[in-house]
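One structure below.
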Amino acid sequence: MALLGAGAAWALPVQITDHAGAGCAIDAPVASSDASVVAFSSTCDLTGGNTDGNREIFQYVAGAGVSQLTDTTGCANMAPALSSDGSVVAFDSDCDLTGQNADGSVEIFVYDGSGFTQVTAGQFCTSAAPSLDAAGTKVAFDSDCDLTGANADQSSEIFQATIGGATTQLTSDTAGLGCGSFDAASNAAGDLIAFDSDCDLTGQNTDQIVEIFQVASDRTVTQLTFSIDDTCGSGPPASDASGMYVSFESSCDFTGGNADGSVEIFEVGPTRTKQLTAADQTPMCESQRARASAGGEWVVYQGFCDPTGANPDGGFEVFRATEAGVLQVTSGAACSSFAPVVASAARSAVFVSDCDPAGSNADGSEELFVESLCVCGSPASGNQPPDLPTATDALFALRAAVGSALCASCDCDVNSSGGITATDALLILKAAVGGGVTLVCP
């Protein structure tokens, strides 16, 4: 019998927050690459410092627990972003955290462990949805403020600020048609920013559909998606570390596989746009909030579809999508799991749930969990012992070996050689037919 090695999913997740705050919310988690730091927004009183239930920014650090970073009243702190090592947190807020935001505009702030820095300074306008580069030195965001003197019409544009330095306006639409660019998603280097927009930034979006774009640090804009249906839309995007692969949700039919216009998960790469989910259900369901791994091998998302037959109640669950197919990560009845993100070095997903998957959340409060995304030897089927891998798993590993598909090493490097080769595919195939092979992934 084949054995799945280290990282086999789906082991019971680890619950990393614990509170009894019925009726409060945890949202928008972001994780460091190794999952040792998680930042999130919440109205809960997780530390005893938020008795008024204001929306604050919190941080979990492995071994130290949860700390409350902001402490405000009558305003909101939201949408955290995190550097790769977890040392820098960016977020948007209409609070006056530094004495520089008396007008209560929504601004971008950064916390680096020693205090807060206000990155933007607009008046009666909004700068929101920050995205940090891996080093935590540059933050991209959308804004309808005139931060550089080039946005007098106050359209929503994509900006990037060097923390402690200059701010650059990366997009500029002056057509006056009421369009906007939103939801900046930076790659690791901070030199490619994906975003969604209904503007005609390249001369290829005259019908002003919400499409996915990418802008380079030299302000060169590239339109990544092209839909002929002017009733659909795409976004928000998520970028892998290189910026080569951008995942997003969309109701458009880019590949001929979404004729019903349901909200599906797509990934656009250097040579193609691929539809990763395909729900054909009545009533219509949705797959939402795509988040990509650093290498682009995995996309995690939330949804209430039943792509694997394991979600017949239509609850919100967390799923993992690859070129091999979709696997359901969470499973609960009369509860929800949502807002997943990938911690790539830890090969895990961090998500919010009011379910009790680990037997530690009997009160059904919203908590944060971490769960492995690895399925050694079974990238397509997700099979665990005593179930065996399949020939389809072996075929996908072979595709990865010849460079025609992306597969994580903890899924396909079944002999821990440091690379994915035809030997891995042969070992998976041998295991699939009961060949007595032990599969051990890094």
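Residue numbering restarts at 1 in every chain; chains get A, B, ... in the order shown in the structure tokens, and ligands count up from 1 in that same order.
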Taking the chain letters and numbering used in this document, name the residues of segment 352-429 of chain A that DSSP puts in strand (DSSP E or B), as an NGL selection string. :A and (352-353 or 367-372)
Can you tell me, as a PDB file with N, CA and C atoms, in the first residue's frame, what residues are no more than 9 Å from Val66 of chain A when counting only C-alpha atoms, ignoring any on the same chain fewer than 6 positions away?
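Produced file result23.pdb, reproduced below:
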ATOM      1  N   ILE A  16      -5.694  29.068  15.886  1.00  0.00           N
ATOM      2  CA  ILE A  16      -4.681  29.984  16.425  1.00  0.00           C
ATOM      3  C   ILE A  16      -5.275  31.174  17.171  1.00  0.00           C
ATOM      4  N   THR A  17      -6.594  31.351  17.140  1.00  0.00           N
ATOM      5  CA  THR A  17      -7.246  32.339  18.007  1.00  0.00           C
ATOM      6  C   THR A  17      -8.316  31.628  18.818  1.00  0.00           C
ATOM      7  N   LEU A  46     -10.150  40.316  21.600  1.00  0.00           N
ATOM      8  CA  LEU A  46      -9.273  39.148  21.676  1.00  0.00           C
ATOM      9  C   LEU A  46      -8.226  39.249  22.769  1.00  0.00           C
ATOM     10  N   THR A  47      -7.959  40.473  23.230  1.00  0.00           N
ATOM     11  CA  THR A  47      -6.884  40.671  24.212  1.00  0.00           C
ATOM     12  C   THR A  47      -7.341  41.418  25.457  1.00  0.00           C
ATOM     13  N   PHE A  58      -5.277  43.318  14.433  1.00  0.00           N
ATOM     14  CA  PHE A  58      -4.649  42.410  15.384  1.00  0.00           C
ATOM     15  C   PHE A  58      -3.537  41.639  14.679  1.00  0.00           C
ATOM     16  N   GLN A  59      -2.675  41.040  15.497  1.00  0.00           N
ATOM     17  CA  GLN A  59      -1.588  40.239  14.948  1.00  0.00           C
ATOM     18  C   GLN A  59      -1.368  39.006  15.819  1.00  0.00           C
ATOM     19  N   TYR A  60      -1.336  37.855  15.154  1.00  0.00           N
ATOM     20  CA  TYR A  60      -0.952  36.610  15.826  1.00  0.00           C
ATOM     21  C   TYR A  60       0.509  36.320  15.510  1.00  0.00           C
TER      22      TYR A  60
END
Within 8 Å of Asp196 of chain A, counting only C-alpha atoms, which residues show up once you throw out same-chain ones fewer than 2 positions away? Write them as a list of chain:residue names, please.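 Listing them by chain and then by number gives A:Ser181, A:Phe182, A:Asp183, A:Ala184, A:Ala194, A:Asp198, A:Val210, A:Glu211, A:Ile212, A:Phe213, A:Ser234, A:Gly235, A:Pro236, A:Pro237.
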Mind dumping a table of every segment 278-351 of chain A residue within 9 Å of segment 257-260 of chain A, with the nearest atom pair and its distance in Å to one decimal, using only C-alpha atoms, sorted by chain and rising number, as JSON lines?
{"residue": "A:Ala278", "atom": "CA", "partner": "A:Asn258", "partner_atom": "CA", "distance": 7.0}
{"residue": "A:Ala279", "atom": "CA", "partner": "A:Asn258", "partner_atom": "CA", "distance": 8.4}
{"residue": "A:Asp280", "atom": "CA", "partner": "A:Asp260", "partner_atom": "CA", "distance": 7.7}
{"residue": "A:Met284", "atom": "CA", "partner": "A:Asp260", "partner_atom": "CA", "distance": 8.7}
Counting only C-alpha atoms, which residues in segment 182-233 of chain A sit no more than 12 Å from segment 261-266 of chain A? For each one, give the nearest pair of atoms and the distance in Å, sorted by chain then residue number, as a tab-separated table.
residue	atom	partner	partner_atom	distance
A:Ile212	CA	A:Phe266	CA	10.9
A:Leu224	CA	A:Phe266	CA	11.7
A:Thr225	CA	A:Phe266	CA	10.2
A:Ser227	CA	A:Gly261	CA	11.8
A:Asp229	CA	A:Gly261	CA	9.7
A:Asp230	CA	A:Gly261	CA	11.7
A:Thr231	CA	A:Gly261	CA	9.3
A:Cys232	CA	A:Gly261	CA	7.4
A:Gly233	CA	A:Val263	CA	9.1
Find the residues near Pro29 of chain A: any atom within 12 Å, counting only C-alpha atoms, skip ones fewer than 5 places away on the same chain, and give them as a VMD selection string. chain A and resid 16 to 17 35 37 to 42 57 to 60 78 to 82 89 91 291 338 to 343 349 to 353 367 to 370
Name the residues in contact with segment 420-431 of chain A at a cut-off of 9 Å, using only C-alpha atoms, excluding same-chain residues fewer than 4 positions from it; report them as a count of residues only. 33
Go through A:Gln169, A:Ser36, A:Gln214, A:Gln100 one by one, measure the shortest atom-to-atom distance of each to Ala62 of chain A using only C-alpha atoms, and give the residue with the smallest value.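 Using only C-alpha atoms, Ala62 of chain A sits closest to A:Ser36.
Neighbours of Pro13 of chain A closer than or equal to 9 Å, with only C-alpha atoms counted and sequence neighbours fewer than 3 positions away skipped, come out as Trp10, Pro357, Ala358, Phe369, Val370, Glu371 and Ser372 of chain A.
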